[in-house]
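Data block below; observations after.
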Amino acid sequence: MRDNPAALISSQNMELTDCMKPTDLSTEKKGIKRRNWRNRIGFLLKTNSSKSILNVRKIRSYRPTADDVNQWAQSLDTLLSHKYGKAAFCIFLKTEFCEENIEFWTACEDYKTKKSHKELVSKANSIYEQFIKNEAPKEINLDYHTKNAIVQSLVEPSVTSFQAAQRKVYSLMENNSYPRFIHSDLYRELYEASRGEGKVIKPQST
C-alpha cells in the first residue's frame with residue numbers, strides 16, 4: 001500500500017512564524033476552524049448525484065484525483081501550479097489566519113502579466129495599498145529594507161518591483177505553512193477521499 005505523501009515532507013522547519021499558533025486558539029475556535037475548511041473544500045470532493053452525462057464529465061474534470069493530491073506533497077511550486085491544489089492551500093491558510101501571504105503572492109503573479117505602463121502603475125499602487133503600507137488591510141510581514149525598496153520603486157514601477165518581497169513570502173510559505181498543510185487533517189482527508197479510502201467530506205452545520 002502506498003504511503004501517505006505527507007511522509008515525504010520533513011517535520012523540520014515548521015516553526016509557527018507566519019500564522020497564529022494553534023495554542024492561541026480555544027477549543028471552540030478550533031472546532032469552528034474545522035467546520036469552516038470542511039464547508040470550503042466540499043466543492044473539491046463533489047460526488048455525482050445526477051445521471052446526466054454532462055454533469056458526470058463536469059465533476060470528473062474538476063475533482064482532484066489521487067495522483068493530483070499526491071503530487072501536491074512534492075513541492076510548494078507543484079501545489080501552486082495545480083488549480084485545485086492552490087484552492088485547497090488557500091482554504092488552509094484562511095483557517096490559520098494568514099491568507100494574506102498567498103493572496104499577495106497571487107497578486108504579484110498577476111502584476112507580472114501587465115503589459116502597459118498604465119496597468120503596472122495601477123496594479124503596483126493597488127498591491128501597495130492592500131499588502132505593503134503600514135496598517136494595510138492585509139499587511140504582510142516584510143523587513144524595512146524590502147518594504148522601503150518597494151516604496152522607492154513606486155515612483156517608476158517595473159515588473160520586478162515586488163520580486164524580492166514575493167520571494168520572501170514564497171520562502172515563508174514554503175518553510176512554514178506548506179509543511180503544516182501537508183501534515184494537516186484537511187490534506188489527509190482530501191488524500192483519503194481522492195483514493196476512495198475515507199468518507200466523502202460533507203459540509204457541517206454550525
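For the C-alpha cells, the naming scheme is as follows: chains receive sequential letters (A, B, ...) according to their order of presentation, residues are indexed from 1 within each chain, and ligands are indexed from 1 in presentation order.
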
Within 9 Å of A:Phe162, counting only C-alpha atoms, which residues show up once you throw out same-chain ones fewer than 5 positions away? Write them as a list in words, please.
Cys108, Tyr111, Ala124, Thr146, Ala149, Ile150, Ser153 and Arg167 of chain A

Contacts of A:Asp77 at 10 Å (only C-alpha atoms; same-chain gap of 6+ positions) as an NGL selection string
:A and (86 or 170 or 174)

Saved selection, atoms kept: all heavy atoms, as a PDB file, in the first residue's frame:
ATOM      1  N   LYS A  86      -3.941  24.737  -5.248  1.00  0.00           N
ATOM      2  CA  LYS A  86      -3.839  26.112  -4.760  1.00  0.00           C
ATOM      3  C   LYS A  86      -5.095  26.504  -3.990  1.00  0.00           C
ATOM      4  O   LYS A  86      -5.017  27.170  -2.945  1.00  0.00           O
ATOM      5  CB  LYS A  86      -3.621  27.064  -5.935  1.00  0.00           C
ATOM      6  CG  LYS A  86      -3.451  28.518  -5.522  1.00  0.00           C
ATOM      7  CD  LYS A  86      -3.247  29.408  -6.742  1.00  0.00           C
ATOM      8  CE  LYS A  86      -3.164  30.863  -6.336  1.00  0.00           C
ATOM      9  NZ  LYS A  86      -3.023  31.762  -7.515  1.00  0.00           N
ATOM     10  N   TYR A 170       7.154  33.719  -0.511  1.00  0.00           N
ATOM     11  CA  TYR A 170       7.159  32.338  -1.001  1.00  0.00           C
ATOM     12  C   TYR A 170       7.982  31.449  -0.074  1.00  0.00           C
ATOM     13  O   TYR A 170       7.561  30.351   0.293  1.00  0.00           O
ATOM     14  CB  TYR A 170       7.737  32.281  -2.415  1.00  0.00           C
ATOM     15  CG  TYR A 170       7.730  30.894  -3.029  1.00  0.00           C
ATOM     16  CD1 TYR A 170       6.657  30.460  -3.801  1.00  0.00           C
ATOM     17  CD2 TYR A 170       8.797  30.025  -2.820  1.00  0.00           C
ATOM     18  CE1 TYR A 170       6.640  29.190  -4.351  1.00  0.00           C
ATOM     19  CE2 TYR A 170       8.793  28.751  -3.367  1.00  0.00           C
ATOM     20  CZ  TYR A 170       7.716  28.342  -4.139  1.00  0.00           C
ATOM     21  OH  TYR A 170       7.716  27.071  -4.680  1.00  0.00           O
ATOM     22  N   GLU A 174       6.802  28.292   2.033  1.00  0.00           N
ATOM     23  CA  GLU A 174       7.459  27.016   1.746  1.00  0.00           C
ATOM     24  C   GLU A 174       8.005  26.358   3.014  1.00  0.00           C
ATOM     25  O   GLU A 174       7.946  25.131   3.167  1.00  0.00           O
ATOM     26  CB  GLU A 174       8.600  27.245   0.748  1.00  0.00           C
ATOM     27  CG  GLU A 174       9.295  25.980   0.291  1.00  0.00           C
ATOM     28  CD  GLU A 174      10.336  26.262  -0.764  1.00  0.00           C
ATOM     29  OE1 GLU A 174      11.072  27.274  -0.643  1.00  0.00           O
ATOM     30  OE2 GLU A 174      10.412  25.493  -1.739  1.00  0.00           O
TER      31      GLU A 174
END

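Across the structure, atom CA of A:Lys133 and atom CA of A:Leu120 are spaced 17.6 Å apart.
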
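The residue that comes closest to A:Pro64, out of A:Ser116, A:Cys98, A:Gly85, A:Leu80 and on the basis of only C-alpha atoms, is A:Gly85.
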
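Nearest residue to A:His82 among A:Val69, A:Ala136, A:Tyr178, A:Leu142 is A:Val69, counting only C-alpha atoms.
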
Stretch 127-204 of chain A: which residues are helix (DSSP H, G or I) by DSSP, as a ChimeraX atom specification?
/A:127-132,144-153,163-182,185-194

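Across the structure, atom CA of A:Ala107 and atom CA of A:Gln163 are spaced 11.5 Å apart.
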
If you count only C-alpha atoms, which residues fall within 9 Å of A:Val151, apart from same-chain ones fewer than 3 positions away, as an mmCIF file with all heavy atoms, in the first residue's frame?
data_model
loop_
_atom_site.group_PDB
_atom_site.id
_atom_site.type_symbol
_atom_site.label_atom_id
_atom_site.label_comp_id
_atom_site.auth_asym_id
_atom_site.auth_seq_id
_atom_site.Cartn_x
_atom_site.Cartn_y
_atom_site.Cartn_z
ATOM 1 N N TYR A 128 0.413 47.846 -3.136
ATOM 2 C CA TYR A 128 0.988 48.597 -2.019
ATOM 3 C C TYR A 128 -0.081 48.931 -0.978
ATOM 4 O O TYR A 128 0.128 48.732 0.235
ATOM 5 C CB TYR A 128 1.634 49.891 -2.525
ATOM 6 C CG TYR A 128 2.120 50.786 -1.408
ATOM 7 C CD1 TYR A 128 3.298 50.496 -0.722
ATOM 8 C CD2 TYR A 128 1.374 51.901 -1.020
ATOM 9 C CE1 TYR A 128 3.724 51.301 0.329
ATOM 10 C CE2 TYR A 128 1.793 52.709 0.021
ATOM 11 C CZ TYR A 128 2.969 52.405 0.695
ATOM 12 O OH TYR A 128 3.384 53.202 1.742
ATOM 13 N N ILE A 132 1.283 46.241 1.521
ATOM 14 C CA ILE A 132 2.607 46.732 1.894
ATOM 15 C C ILE A 132 2.619 47.848 2.927
ATOM 16 O O ILE A 132 3.380 47.796 3.906
ATOM 17 C CB ILE A 132 3.387 47.211 0.646
ATOM 18 C CG1 ILE A 132 3.403 46.127 -0.431
ATOM 19 C CG2 ILE A 132 4.803 47.616 1.027
ATOM 20 C CD1 ILE A 132 4.071 44.828 -0.007
ATOM 21 N N LYS A 133 1.799 48.854 2.735
ATOM 22 C CA LYS A 133 1.874 50.029 3.617
ATOM 23 C C LYS A 133 1.534 49.651 5.053
ATOM 24 O O LYS A 133 0.865 48.657 5.323
ATOM 25 C CB LYS A 133 0.937 51.122 3.112
ATOM 26 C CG LYS A 133 -0.532 50.856 3.351
ATOM 27 C CD LYS A 133 -1.366 52.069 2.938
ATOM 28 C CE LYS A 133 -2.847 51.887 3.273
ATOM 29 N NZ LYS A 133 -3.644 53.069 2.909
ATOM 30 N N THR A 146 13.255 45.766 2.446
ATOM 31 C CA THR A 146 12.434 45.276 1.341
ATOM 32 C C THR A 146 11.231 46.189 1.120
ATOM 33 O O THR A 146 10.894 46.532 -0.015
ATOM 34 C CB THR A 146 11.934 43.842 1.633
ATOM 35 O OG1 THR A 146 13.066 42.992 1.821
ATOM 36 C CG2 THR A 146 11.093 43.313 0.479
ATOM 37 N N LYS A 147 10.610 46.595 2.221
ATOM 38 C CA LYS A 147 9.448 47.471 2.116
ATOM 39 C C LYS A 147 9.845 48.833 1.549
ATOM 40 O O LYS A 147 9.138 49.397 0.696
ATOM 41 C CB LYS A 147 8.799 47.640 3.496
ATOM 42 C CG LYS A 147 7.552 48.518 3.482
ATOM 43 C CD LYS A 147 6.892 48.582 4.860
ATOM 44 C CE LYS A 147 6.247 47.261 5.212
ATOM 45 N NZ LYS A 147 5.384 47.385 6.440
ATOM 46 N N ASN A 148 10.978 49.347 1.991
ATOM 47 C CA ASN A 148 11.444 50.648 1.515
ATOM 48 C C ASN A 148 11.775 50.609 0.026
ATOM 49 O O ASN A 148 11.510 51.576 -0.702
ATOM 50 C CB ASN A 148 12.673 51.094 2.308
ATOM 51 C CG ASN A 148 13.080 52.519 1.989
ATOM 52 O OD1 ASN A 148 12.281 53.451 2.119
ATOM 53 N ND2 ASN A 148 14.323 52.706 1.564
ATOM 54 N N LEU A 154 7.823 52.615 -6.532
ATOM 55 C CA LEU A 154 6.500 53.086 -6.941
ATOM 56 C C LEU A 154 6.569 54.371 -7.760
ATOM 57 O O LEU A 154 5.623 54.717 -8.469
ATOM 58 C CB LEU A 154 5.617 53.318 -5.706
ATOM 59 C CG LEU A 154 5.183 52.064 -4.942
ATOM 60 C CD1 LEU A 154 4.350 52.456 -3.721
ATOM 61 C CD2 LEU A 154 4.394 51.119 -5.838
ATOM 62 N N VAL A 155 7.697 55.055 -7.684
ATOM 63 C CA VAL A 155 7.886 56.264 -8.492
ATOM 64 C C VAL A 155 7.867 55.898 -9.969
ATOM 65 O O VAL A 155 7.305 56.620 -10.804
ATOM 66 C CB VAL A 155 9.222 56.962 -8.143
ATOM 67 C CG1 VAL A 155 9.443 58.176 -9.048
ATOM 68 C CG2 VAL A 155 9.237 57.372 -6.682
#

Atom pair atom CA of A:Pro157 / atom CA of A:Val121: separation (Å):
6.0 Å

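Considering the residues A:Tyr144, A:Phe104, A:Trp72, A:Phe181 and counting only C-alpha atoms, A:Ser126 has its shortest atom-to-atom contact with A:Phe104.
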